file protein-v1.txt (compact mmCIF, C-alpha atoms)
# COMPACT_ATOMS: atom_id res chain seq x y z
CA MET O 1 90.56 74.64 90.50
CA ASP O 2 87.03 73.24 90.95
CA LEU O 3 87.66 70.59 88.32
CA LEU O 4 90.39 69.02 90.42
CA ASP O 5 88.27 68.83 93.54
CA LYS O 6 85.95 66.32 91.88
CA VAL O 7 88.81 63.94 91.17
CA LYS O 8 89.55 61.24 93.73
CA PHE O 9 93.24 60.52 93.99
CA ASP O 10 94.26 57.24 95.60
CA HIS O 11 96.31 56.86 98.80
CA ASN O 12 99.43 57.51 96.72
CA GLY O 13 97.92 60.72 95.38
CA LEU O 14 97.47 59.25 91.91
CA VAL O 15 94.62 58.72 89.46
CA PRO O 16 94.74 56.49 86.37
CA ALA O 17 94.53 58.37 83.08
CA ILE O 18 93.54 56.57 79.88
CA ALA O 19 94.75 58.14 76.63
CA GLN O 20 92.50 57.39 73.67
CA ASP O 21 93.28 58.36 70.09
CA ALA O 22 90.82 61.11 69.16
CA ALA O 23 91.20 60.14 65.50
CA ASN O 24 90.09 56.51 65.62
CA GLY O 25 89.16 55.60 69.21
CA ASP O 26 92.15 53.31 69.80
CA VAL O 27 93.18 53.10 73.42
CA LEU O 28 96.84 54.11 73.35
CA MET O 29 98.07 53.85 76.94
CA LEU O 30 97.24 54.09 80.60
CA ALA O 31 99.45 56.02 82.99
CA TYR O 32 98.96 57.98 86.20
CA MET O 33 98.63 61.62 87.18
CA ASN O 34 98.96 63.35 90.50
CA ARG O 35 97.17 66.58 91.29
CA ASP O 36 99.97 68.77 89.97
CA SER O 37 100.38 66.92 86.69
CA LEU O 38 96.62 66.86 86.13
CA GLN O 39 96.44 70.59 86.74
CA GLU O 40 99.30 71.16 84.31
CA THR O 41 97.61 68.91 81.75
CA LEU O 42 94.36 70.87 82.00
CA GLU O 43 96.14 74.21 81.82
CA LYS O 44 98.54 73.44 78.97
CA GLY O 45 96.45 71.03 76.92
CA VAL O 46 99.18 68.42 76.66
CA MET O 47 99.43 65.20 78.65
CA VAL O 48 101.61 65.43 81.73
CA TYR O 49 101.78 62.27 83.80
CA TYR O 50 103.46 61.31 87.04
CA SER O 51 105.99 58.56 86.54
CA ARG O 52 105.64 55.99 89.30
CA SER O 53 109.00 54.38 88.48
CA ARG O 54 110.95 57.65 88.36
CA GLN O 55 108.71 59.31 90.96
CA LYS O 56 108.57 62.58 89.09
CA ARG O 57 106.62 64.70 86.64
CA TRP O 58 106.56 63.20 83.16
CA LEU O 59 105.72 65.46 80.26
CA LYS O 60 104.85 62.93 77.57
CA GLY O 61 107.03 63.49 74.52
CA GLU O 62 109.52 65.75 76.27
CA THR O 63 112.45 63.71 74.97
CA SER O 64 110.83 61.65 72.20
CA GLY O 65 108.75 64.45 70.70
CA HIS O 66 105.74 62.13 70.90
CA VAL O 67 103.53 64.76 72.48
CA GLN O 68 99.86 64.09 73.28
CA LYS O 69 97.59 67.06 72.67
CA VAL O 70 94.39 67.03 74.70
CA LYS O 71 91.12 67.27 72.78
CA GLU O 72 88.56 66.21 75.41
CA VAL O 73 88.66 65.21 79.07
CA TYR O 74 86.20 62.82 80.72
CA LEU O 75 85.69 61.81 84.34
CA ASP O 76 84.04 58.57 85.38
CA CYS O 77 81.09 58.08 87.74
CA ASP O 78 83.25 57.47 90.79
CA GLY O 79 85.63 60.32 89.99
CA ASP O 80 88.60 58.01 90.22
CA THR O 81 89.50 57.49 86.56
CA LEU O 82 90.18 60.03 83.81
CA LEU O 83 89.82 59.50 80.09
CA PHE O 84 91.49 61.80 77.58
CA ALA O 85 90.79 61.99 73.87
CA ILE O 86 94.13 63.07 72.42
CA ASP O 87 95.99 63.84 69.25
CA GLN O 88 99.03 61.56 69.33
CA THR O 89 102.23 62.57 67.61
CA GLY O 90 104.12 59.45 66.54
CA ALA O 91 104.14 56.49 68.88
CA ALA O 92 102.42 56.47 72.26
CA CYS O 93 104.53 53.48 73.26
CA HIS O 94 108.21 53.73 74.17
CA GLU O 95 108.72 50.59 72.08
CA ASN O 96 107.66 52.64 69.06
CA TYR O 97 104.27 51.12 68.56
CA ARG O 98 101.43 53.52 68.02
CA THR O 99 99.63 51.98 71.00
CA CYS O 100 101.00 50.32 74.13
CA PHE O 101 98.37 47.60 73.61
CA PHE O 102 100.19 45.89 70.74
CA ARG O 103 99.80 42.40 72.19
CA LYS O 104 96.62 40.42 71.89
CA ARG O 105 95.54 37.16 73.41
CA VAL O 106 95.63 34.33 70.92
CA GLY O 107 94.80 31.06 72.66
CA GLU O 108 97.32 30.62 75.47
CA ALA O 109 99.75 33.32 74.32
CA TRP O 110 100.10 37.09 73.94
CA GLU O 111 100.90 37.77 70.31
CA ILE O 112 102.16 41.01 68.80
CA PHE O 113 99.67 42.07 66.16
CA LYS O 114 100.80 45.65 65.47
CA GLU O 115 103.66 47.00 63.39
CA LYS O 116 106.24 49.35 64.84
CA LEU O 117 106.19 52.83 63.39
CA LYS O 118 108.99 53.82 61.01
CA ASP O 119 111.53 56.11 62.65
CA MET U 120 98.23 29.50 82.77
CA ASP U 121 101.09 31.09 80.80
CA LEU U 122 98.95 34.10 79.92
CA LEU U 123 98.67 35.08 83.56
CA ASP U 124 102.40 34.89 84.20
CA LYS U 125 103.00 37.82 81.83
CA VAL U 126 100.66 40.07 83.78
CA LYS U 127 102.16 42.23 86.50
CA PHE U 128 99.85 42.65 89.43
CA ASP U 129 100.50 45.55 91.80
CA HIS U 130 101.39 45.25 95.49
CA ASN U 131 97.69 44.73 96.21
CA GLY U 132 97.58 41.91 93.68
CA LEU U 133 95.50 43.97 91.25
CA VAL U 134 95.75 45.07 87.63
CA PRO U 135 93.63 47.78 85.99
CA ALA U 136 91.29 46.49 83.29
CA ILE U 137 89.82 48.86 80.70
CA ALA U 138 86.55 47.77 79.09
CA GLN U 139 86.04 49.13 75.59
CA ASP U 140 82.88 48.73 73.57
CA ALA U 141 83.72 46.35 70.72
CA ALA U 142 80.93 47.88 68.64
CA ASN U 143 82.03 51.52 68.55
CA GLY U 144 85.29 51.89 70.48
CA ASP U 145 83.81 53.83 73.39
CA VAL U 146 85.69 53.37 76.63
CA LEU U 147 83.03 52.12 79.03
CA MET U 148 84.77 51.70 82.38
CA LEU U 149 87.91 50.90 84.24
CA ALA U 150 87.98 48.46 87.13
CA TYR U 151 90.45 46.03 88.65
CA MET U 152 91.14 42.32 88.47
CA ASN U 153 93.14 40.05 90.68
CA ARG U 154 94.73 36.86 89.41
CA ASP U 155 91.68 34.72 90.15
CA SER U 156 89.19 37.08 88.51
CA LEU U 157 91.42 37.49 85.45
CA GLN U 158 91.71 33.73 85.12
CA GLU U 159 87.95 33.36 85.43
CA THR U 160 87.45 36.12 82.84
CA LEU U 161 89.75 34.37 80.38
CA GLU U 162 88.16 30.99 80.98
CA LYS U 163 84.52 32.05 80.88
CA GLY U 164 84.67 34.91 78.39
CA VAL U 165 82.76 37.32 80.59
CA MET U 166 84.24 40.15 82.65
CA VAL U 167 84.91 39.26 86.27
CA TYR U 168 86.50 42.02 88.32
CA TYR U 169 87.71 42.32 91.87
CA SER U 170 85.77 44.93 93.81
CA ARG U 171 88.17 47.04 95.86
CA SER U 172 85.35 48.51 97.96
CA ARG U 173 83.67 45.19 98.73
CA GLN U 174 86.97 43.29 98.62
CA LYS U 175 85.52 40.38 96.71
CA ARG U 176 84.98 38.83 93.31
CA TRP U 177 82.64 40.89 91.15
CA LEU U 178 81.00 39.20 88.19
CA LYS U 179 79.85 42.19 86.17
CA GLY U 180 76.11 41.99 85.56
CA GLU U 181 75.48 39.30 88.16
CA THR U 182 72.65 41.31 89.71
CA SER U 183 71.94 43.92 87.01
CA GLY U 184 72.12 41.57 84.05
CA HIS U 185 74.53 44.01 82.41
CA VAL U 186 77.01 41.33 81.47
CA GLN U 187 80.17 42.10 79.50
CA LYS U 188 81.10 39.43 76.97
CA VAL U 189 84.80 39.35 76.07
CA LYS U 190 85.68 39.66 72.37
CA GLU U 191 89.41 40.46 72.51
CA VAL U 192 92.02 40.83 75.24
CA TYR U 193 95.08 43.09 75.00
CA LEU U 194 98.10 43.51 77.27
CA ASP U 195 100.21 46.65 77.33
CA CYS U 196 103.98 46.95 76.90
CA ASP U 197 104.71 46.89 80.62
CA GLY U 198 102.29 44.06 81.29
CA ASP U 199 100.55 46.09 83.97
CA THR U 200 97.33 47.13 82.21
CA LEU U 201 94.72 45.04 80.40
CA LEU U 202 92.35 46.20 77.70
CA PHE U 203 89.23 44.23 76.81
CA ALA U 204 87.05 44.70 73.77
CA ILE U 205 83.63 43.64 74.98
CA ASP U 206 79.99 43.29 74.05
CA GLN U 207 78.10 45.30 76.65
CA THR U 208 74.57 44.35 77.61
CA GLY U 209 72.71 47.48 78.71
CA ALA U 210 74.60 50.00 80.82
CA ALA U 211 78.21 49.59 81.91
CA CYS U 212 77.67 52.22 84.58
CA HIS U 213 75.73 51.56 87.80
CA GLU U 214 74.12 54.96 87.25
CA ASN U 215 72.53 53.50 84.11
CA TYR U 216 74.64 55.34 81.59
CA ARG U 217 76.06 53.25 78.79
CA THR U 218 79.56 54.41 79.79
CA CYS U 219 80.96 55.44 83.16
CA PHE U 220 82.60 58.36 81.37
CA PHE U 221 79.40 60.39 81.02
CA ARG U 222 80.96 63.63 82.29
CA LYS U 223 83.09 65.86 80.13
CA ARG U 224 85.16 68.88 80.96
CA VAL U 225 83.51 72.07 79.78
CA GLY U 226 85.55 75.04 80.92
CA GLU U 227 85.86 74.83 84.68
CA ALA U 228 83.15 72.20 85.20
CA TRP U 229 82.38 68.54 84.57
CA GLU U 230 79.16 68.41 82.58
CA ILE U 231 76.98 65.38 81.93
CA PHE U 232 76.76 64.95 78.17
CA LYS U 233 75.22 61.48 77.91
CA GLU U 234 71.66 60.28 78.34
CA LYS U 235 70.74 57.54 80.77
CA LEU U 236 69.49 54.37 79.16
CA LYS U 237 65.79 53.58 79.39
CA ASP U 238 65.02 50.90 81.95
call {"tool": "encode", "arguments": {"input": "protein-v1.txt", "output": "structure tokens"}}
result
Amino acid sequence: MDLLDKVKFDHNGLVPAIAQDAANGDVLMLAYMNRDSLQETLEKGVMVYYSRSRQKRWLKGETSGHVQKVKEVYLDCDGDTLLFAIDQTGAACHENYRTCFFRKRVGEAWEIFKEKLKD
Amino acid sequence: MDLLDKVKFDHNGLVPAIAQDAANGDVLMLAYMNRDSLQETLEKGVMVYYSRSRQKRWLKGETSGHVQKVKEVYLDCDGDTLLFAIDQTGAACHENYRTCFFRKRVGEAWEIFKEKLKD
């Protein structure tokens, strides 16, 4: 796929993928894709990452149901970062926050400033 | 600084830092920080990265004048990604686009869909 040939994967074969809420522009999470998971993402229209901790394909929402549907895909100038505008079902974060960025700097501390979603 | 101790740097001592336009939510770029550049960013309130290609401190805008002023700082659930809401002067991208994500997937191609800024 020509699209994939423009993407520069790092020495581990990974590229960072930013998931941004298509509805309101919130940055929801950053995870990584390898060539196979990016190809699957582009083909199926749902976010498929590569889990660095589990070292395997990670279809987002496969167990939680918190699927991320792809609306738009962007590539940066250097070809080494991807940005996805997505429709997020439920929480992007495994801690049940809508976004993984639920902590904000306040002075010398990181403070939680988001509410968890209701189950 | 306590703030820094919550951040997980990778085996290269780096953490990805997403810069998001505080004005409209556009994701402008992703680059990397090491502990020193993150500390300097937090202290000075302007984005200081670590350039992987040049292997040195990179004060964004030092030569171009395209400084990024920090408005808010967010840390993700795993502590291994930072998100900054910033005020961007001029172009974030060295190719003189406002955002580095000026290419969008259209079918089987990446198409430029943004205009370069006027000099």
call {"tool": "interface_residues", "arguments": {"input": "protein-v1.txt", "of": "chain O", "to": "chain U", "cutoff": "6 Å", "atoms": "only C-alpha atoms", "output": "list in words"}}
result
Leu3, Gly25, Val73, Tyr74, Leu75, Asp76, Cys77, Cys100, Phe101, Arg103, Lys104, Arg105, Glu108 and Ala109 of chain O
call {"tool": "calpha_fit_and_write", "arguments": {"input": "protein-v1.txt", "fixed": "chain U", "moving": "chain O", "output": "PDB file with C-alpha atoms, keeping the file's coordinate frame"}}
result
ATOM      1  CA  MET O   1      98.213  29.535  82.808  1.00  0.00           C
ATOM      2  CA  ASP O   2     101.088  31.086  80.821  1.00  0.00           C
ATOM      3  CA  LEU O   3      98.956  34.082  79.922  1.00  0.00           C
ATOM      4  CA  LEU O   4      98.669  35.088  83.560  1.00  0.00           C
ATOM      5  CA  ASP O   5     102.387  34.909  84.195  1.00  0.00           C
ATOM      6  CA  LYS O   6     102.991  37.816  81.823  1.00  0.00           C
ATOM      7  CA  VAL O   7     100.661  40.073  83.778  1.00  0.00           C
ATOM      8  CA  LYS O   8     102.166  42.255  86.492  1.00  0.00           C
ATOM      9  CA  PHE O   9      99.835  42.661  89.426  1.00  0.00           C
ATOM     10  CA  ASP O  10     100.507  45.550  91.790  1.00  0.00           C
ATOM     11  CA  HIS O  11     101.395  45.252  95.493  1.00  0.00           C
ATOM     12  CA  ASN O  12      97.692  44.736  96.203  1.00  0.00           C
ATOM     13  CA  GLY O  13      97.559  41.906  93.683  1.00  0.00           C
ATOM     14  CA  LEU O  14      95.495  43.956  91.246  1.00  0.00           C
ATOM     15  CA  VAL O  15      95.763  45.082  87.632  1.00  0.00           C
ATOM     16  CA  PRO O  16      93.627  47.778  85.986  1.00  0.00           C
ATOM     17  CA  ALA O  17      91.289  46.486  83.290  1.00  0.00           C
ATOM     18  CA  ILE O  18      89.816  48.855  80.706  1.00  0.00           C
ATOM     19  CA  ALA O  19      86.541  47.762  79.103  1.00  0.00           C
ATOM     20  CA  GLN O  20      86.043  49.146  75.607  1.00  0.00           C
ATOM     21  CA  ASP O  21      82.872  48.728  73.573  1.00  0.00           C
ATOM     22  CA  ALA O  22      83.726  46.349  70.728  1.00  0.00           C
ATOM     23  CA  ALA O  23      80.913  47.881  68.673  1.00  0.00           C
ATOM     24  CA  ASN O  24      82.026  51.510  68.560  1.00  0.00           C
ATOM     25  CA  GLY O  25      85.303  51.878  70.485  1.00  0.00           C
ATOM     26  CA  ASP O  26      83.806  53.823  73.401  1.00  0.00           C
ATOM     27  CA  VAL O  27      85.692  53.360  76.632  1.00  0.00           C
ATOM     28  CA  LEU O  28      83.025  52.121  79.034  1.00  0.00           C
ATOM     29  CA  MET O  29      84.754  51.697  82.396  1.00  0.00           C
ATOM     30  CA  LEU O  30      87.931  50.916  84.249  1.00  0.00           C
ATOM     31  CA  ALA O  31      87.967  48.467  87.135  1.00  0.00           C
ATOM     32  CA  TYR O  32      90.465  46.043  88.642  1.00  0.00           C
ATOM     33  CA  MET O  33      91.140  42.324  88.471  1.00  0.00           C
ATOM     34  CA  ASN O  34      93.162  40.051  90.677  1.00  0.00           C
ATOM     35  CA  ARG O  35      94.745  36.869  89.401  1.00  0.00           C
ATOM     36  CA  ASP O  36      91.700  34.735  90.144  1.00  0.00           C
ATOM     37  CA  SER O  37      89.200  37.068  88.514  1.00  0.00           C
ATOM     38  CA  LEU O  38      91.419  37.484  85.455  1.00  0.00           C
ATOM     39  CA  GLN O  39      91.719  33.726  85.125  1.00  0.00           C
ATOM     40  CA  GLU O  40      87.952  33.365  85.425  1.00  0.00           C
ATOM     41  CA  THR O  41      87.455  36.120  82.849  1.00  0.00           C
ATOM     42  CA  LEU O  42      89.757  34.379  80.372  1.00  0.00           C
ATOM     43  CA  GLU O  43      88.156  30.998  80.970  1.00  0.00           C
ATOM     44  CA  LYS O  44      84.502  32.057  80.877  1.00  0.00           C
ATOM     45  CA  GLY O  45      84.660  34.913  78.388  1.00  0.00           C
ATOM     46  CA  VAL O  46      82.758  37.332  80.594  1.00  0.00           C
ATOM     47  CA  MET O  47      84.233  40.154  82.656  1.00  0.00           C
ATOM     48  CA  VAL O  48      84.903  39.266  86.269  1.00  0.00           C
ATOM     49  CA  TYR O  49      86.486  42.021  88.319  1.00  0.00           C
ATOM     50  CA  TYR O  50      87.701  42.313  91.880  1.00  0.00           C
ATOM     51  CA  SER O  51      85.777  44.923  93.803  1.00  0.00           C
ATOM     52  CA  ARG O  52      88.174  47.020  95.852  1.00  0.00           C
ATOM     53  CA  SER O  53      85.364  48.503  97.963  1.00  0.00           C
ATOM     54  CA  ARG O  54      83.692  45.169  98.736  1.00  0.00           C
ATOM     55  CA  GLN O  55      86.992  43.264  98.627  1.00  0.00           C
ATOM     56  CA  LYS O  56      85.523  40.366  96.716  1.00  0.00           C
ATOM     57  CA  ARG O  57      84.979  38.821  93.308  1.00  0.00           C
ATOM     58  CA  TRP O  58      82.638  40.876  91.148  1.00  0.00           C
ATOM     59  CA  LEU O  59      80.990  39.190  88.204  1.00  0.00           C
ATOM     60  CA  LYS O  60      79.850  42.184  86.172  1.00  0.00           C
ATOM     61  CA  GLY O  61      76.114  41.983  85.566  1.00  0.00           C
ATOM     62  CA  GLU O  62      75.474  39.296  88.162  1.00  0.00           C
ATOM     63  CA  THR O  63      72.650  41.312  89.710  1.00  0.00           C
ATOM     64  CA  SER O  64      71.941  43.909  87.010  1.00  0.00           C
ATOM     65  CA  GLY O  65      72.119  41.549  84.042  1.00  0.00           C
ATOM     66  CA  HIS O  66      74.519  44.010  82.409  1.00  0.00           C
ATOM     67  CA  VAL O  67      77.001  41.317  81.468  1.00  0.00           C
ATOM     68  CA  GLN O  68      80.173  42.102  79.498  1.00  0.00           C
ATOM     69  CA  LYS O  69      81.107  39.440  76.971  1.00  0.00           C
ATOM     70  CA  VAL O  70      84.787  39.360  76.067  1.00  0.00           C
ATOM     71  CA  LYS O  71      85.672  39.670  72.385  1.00  0.00           C
ATOM     72  CA  GLU O  72      89.408  40.459  72.517  1.00  0.00           C
ATOM     73  CA  VAL O  73      92.025  40.832  75.240  1.00  0.00           C
ATOM     74  CA  TYR O  74      95.084  43.083  74.997  1.00  0.00           C
ATOM     75  CA  LEU O  75      98.098  43.515  77.259  1.00  0.00           C
ATOM     76  CA  ASP O  76     100.217  46.647  77.321  1.00  0.00           C
ATOM     77  CA  CYS O  77     103.991  46.947  76.896  1.00  0.00           C
ATOM     78  CA  ASP O  78     104.711  46.892  80.613  1.00  0.00           C
ATOM     79  CA  GLY O  79     102.284  44.053  81.301  1.00  0.00           C
ATOM     80  CA  ASP O  80     100.544  46.079  83.961  1.00  0.00           C
ATOM     81  CA  THR O  81      97.338  47.131  82.204  1.00  0.00           C
ATOM     82  CA  LEU O  82      94.720  45.038  80.402  1.00  0.00           C
ATOM     83  CA  LEU O  83      92.349  46.199  77.705  1.00  0.00           C
ATOM     84  CA  PHE O  84      89.231  44.233  76.814  1.00  0.00           C
ATOM     85  CA  ALA O  85      87.052  44.708  73.761  1.00  0.00           C
ATOM     86  CA  ILE O  86      83.616  43.650  74.986  1.00  0.00           C
ATOM     87  CA  ASP O  87      80.002  43.285  74.035  1.00  0.00           C
ATOM     88  CA  GLN O  88      78.104  45.301  76.639  1.00  0.00           C
ATOM     89  CA  THR O  89      74.577  44.366  77.591  1.00  0.00           C
ATOM     90  CA  GLY O  90      72.717  47.480  78.730  1.00  0.00           C
ATOM     91  CA  ALA O  91      74.584  50.004  80.823  1.00  0.00           C
ATOM     92  CA  ALA O  92      78.198  49.587  81.893  1.00  0.00           C
ATOM     93  CA  CYS O  93      77.655  52.215  84.575  1.00  0.00           C
ATOM     94  CA  HIS O  94      75.728  51.560  87.783  1.00  0.00           C
ATOM     95  CA  GLU O  95      74.100  54.958  87.246  1.00  0.00           C
ATOM     96  CA  ASN O  96      72.534  53.514  84.098  1.00  0.00           C
ATOM     97  CA  TYR O  97      74.642  55.330  81.585  1.00  0.00           C
ATOM     98  CA  ARG O  98      76.063  53.258  78.792  1.00  0.00           C
ATOM     99  CA  THR O  99      79.554  54.408  79.784  1.00  0.00           C
ATOM    100  CA  CYS O 100      80.955  55.428  83.164  1.00  0.00           C
ATOM    101  CA  PHE O 101      82.604  58.375  81.379  1.00  0.00           C
ATOM    102  CA  PHE O 102      79.406  60.403  81.013  1.00  0.00           C
ATOM    103  CA  ARG O 103      80.959  63.624  82.295  1.00  0.00           C
ATOM    104  CA  LYS O 104      83.096  65.845  80.145  1.00  0.00           C
ATOM    105  CA  ARG O 105      85.163  68.877  80.944  1.00  0.00           C
ATOM    106  CA  VAL O 106      83.519  72.066  79.783  1.00  0.00           C
ATOM    107  CA  GLY O 107      85.570  75.054  80.912  1.00  0.00           C
ATOM    108  CA  GLU O 108      85.857  74.846  84.695  1.00  0.00           C
ATOM    109  CA  ALA O 109      83.154  72.209  85.206  1.00  0.00           C
ATOM    110  CA  TRP O 110      82.374  68.538  84.575  1.00  0.00           C
ATOM    111  CA  GLU O 111      79.175  68.412  82.569  1.00  0.00           C
ATOM    112  CA  ILE O 112      76.991  65.385  81.909  1.00  0.00           C
ATOM    113  CA  PHE O 113      76.762  64.953  78.160  1.00  0.00           C
ATOM    114  CA  LYS O 114      75.231  61.466  77.908  1.00  0.00           C
ATOM    115  CA  GLU O 115      71.659  60.280  78.317  1.00  0.00           C
ATOM    116  CA  LYS O 116      70.736  57.547  80.758  1.00  0.00           C
ATOM    117  CA  LEU O 117      69.490  54.367  79.163  1.00  0.00           C
ATOM    118  CA  LYS O 118      65.771  53.589  79.384  1.00  0.00           C
ATOM    119  CA  ASP O 119      65.016  50.887  81.936  1.00  0.00           C
TER     120      ASP O 119
END
call {"tool": "atom_distance", "arguments": {"input": "protein-v1.txt", "atom1": "atom CA of O:Asn96", "atom2": "atom CA of O:Glu115"}}
result
8.9 Å
call {"tool": "atom_distance", "arguments": {"input": "protein-v1.txt", "atom1": "atom CA of O:Leu14", "atom2": "atom CA of O:Asp36"}}
result
10.0 Å
call {"tool": "atom_distance", "arguments": {"input": "protein-v1.txt", "atom1": "atom CA of O:Asp87", "atom2": "atom CA of U:Lys188"}}
result
29.6 Å
call {"tool": "residues_near_point", "arguments": {"input": "protein-v1.txt", "point": "(109.3, 60.7, 91.2)", "cutoff": "12 Å", "atoms": "only C-alpha atoms", "output": "number ranges by chain"}}
result
O: 12, 14, 32-34, 37, 49-58
call {"tool": "closest_residue", "arguments": {"input": "protein-v1.txt", "among": "U:Val189, U:Val126, U:Val165, U:Leu157", "to": "U:Ile205", "atoms": "all atoms listed in the file"}}
result
U:Val189
call {"tool": "axis_aligned_box", "arguments": {"input": "protein-v1.txt", "around": "stretch 130-146 of chain U", "padding_each_side": "6 Å", "output": "AutoDock Vina command-line options"}}
result
--center_x 91.2 --center_y 47.9 --center_z 82.4 --size_x 32.5 --size_y 23.9 --size_z 39.7
call {"tool": "decode", "arguments": {"input": "protein-v1.txt", "residues": "stretch 144-200 of chain U", "atoms": "C-alpha atoms", "output": "mmCIF file, in the first residue's frame"}}
result
data_model
loop_
_atom_site.group_PDB
_atom_site.id
_atom_site.type_symbol
_atom_site.label_atom_id
_atom_site.label_comp_id
_atom_site.auth_asym_id
_atom_site.auth_seq_id
_atom_site.Cartn_x
_atom_site.Cartn_y
_atom_site.Cartn_z
ATOM 1 C CA GLY U 144 -7.363 22.478 19.662
ATOM 2 C CA ASP U 145 -5.363 21.654 16.532
ATOM 3 C CA VAL U 146 -2.566 19.195 17.125
ATOM 4 C CA LEU U 147 0.514 21.037 15.885
ATOM 5 C CA MET U 148 3.412 18.633 16.336
ATOM 6 C CA LEU U 149 4.932 15.831 18.292
ATOM 7 C CA ALA U 150 8.543 15.896 19.426
ATOM 8 C CA TYR U 151 10.553 14.546 22.336
ATOM 9 C CA MET U 152 11.876 15.849 25.627
ATOM 10 C CA ASN U 153 14.503 14.534 27.952
ATOM 11 C CA ARG U 154 14.490 15.276 31.658
ATOM 12 C CA ASP U 155 16.518 18.459 31.318
ATOM 13 C CA SER U 156 14.438 19.906 28.487
ATOM 14 C CA LEU U 157 11.191 19.059 30.293
ATOM 15 C CA GLN U 158 12.461 20.754 33.435
ATOM 16 C CA GLU U 159 13.463 23.818 31.435
ATOM 17 C CA THR U 160 10.054 23.832 29.710
ATOM 18 C CA LEU U 161 8.256 23.740 33.050
ATOM 19 C CA GLU U 162 10.466 26.415 34.552
ATOM 20 C CA LYS U 163 10.487 28.843 31.636
ATOM 21 C CA GLY U 164 7.024 28.251 30.194
ATOM 22 C CA VAL U 165 8.249 27.807 26.646
ATOM 23 C CA MET U 166 8.654 24.516 24.795
ATOM 24 C CA VAL U 167 12.156 23.084 24.912
ATOM 25 C CA TYR U 168 12.571 19.743 23.183
ATOM 26 C CA TYR U 169 15.428 17.338 22.716
ATOM 27 C CA SER U 170 16.338 16.910 19.066
ATOM 28 C CA ARG U 171 16.902 13.237 18.308
ATOM 29 C CA SER U 172 18.578 14.004 14.973
ATOM 30 C CA ARG U 173 20.937 16.652 16.326
ATOM 31 C CA GLN U 174 21.146 14.992 19.746
ATOM 32 C CA LYS U 175 20.903 18.247 21.633
ATOM 33 C CA ARG U 176 18.606 20.665 23.403
ATOM 34 C CA TRP U 177 16.161 22.328 21.032
ATOM 35 C CA LEU U 178 14.490 25.528 22.155
ATOM 36 C CA LYS U 179 11.592 25.738 19.732
ATOM 37 C CA GLY U 180 11.702 29.034 17.856
ATOM 38 C CA GLU U 181 15.261 29.886 18.850
ATOM 39 C CA THR U 182 16.218 30.604 15.245
ATOM 40 C CA SER U 183 12.805 30.901 13.551
ATOM 41 C CA GLY U 184 11.145 32.976 16.243
ATOM 42 C CA HIS U 185 8.270 30.471 16.221
ATOM 43 C CA VAL U 186 8.202 30.136 19.979
ATOM 44 C CA GLN U 187 5.634 27.972 21.762
ATOM 45 C CA LYS U 188 4.371 29.436 25.021
ATOM 46 C CA VAL U 189 3.042 26.864 27.483
ATOM 47 C CA LYS U 190 -0.522 27.368 28.747
ATOM 48 C CA GLU U 191 -1.307 23.958 30.283
ATOM 49 C CA VAL U 192 0.572 20.705 30.798
ATOM 50 C CA TYR U 193 -1.072 17.272 30.929
ATOM 51 C CA LEU U 194 0.318 13.834 31.772
ATOM 52 C CA ASP U 195 -1.285 10.620 30.586
ATOM 53 C CA CYS U 196 -2.370 7.629 32.678
ATOM 54 C CA ASP U 197 0.863 5.710 32.165
ATOM 55 C CA GLY U 198 3.028 8.760 32.730
ATOM 56 C CA ASP U 199 4.817 8.182 29.452
ATOM 57 C CA THR U 200 3.294 10.892 27.241
#
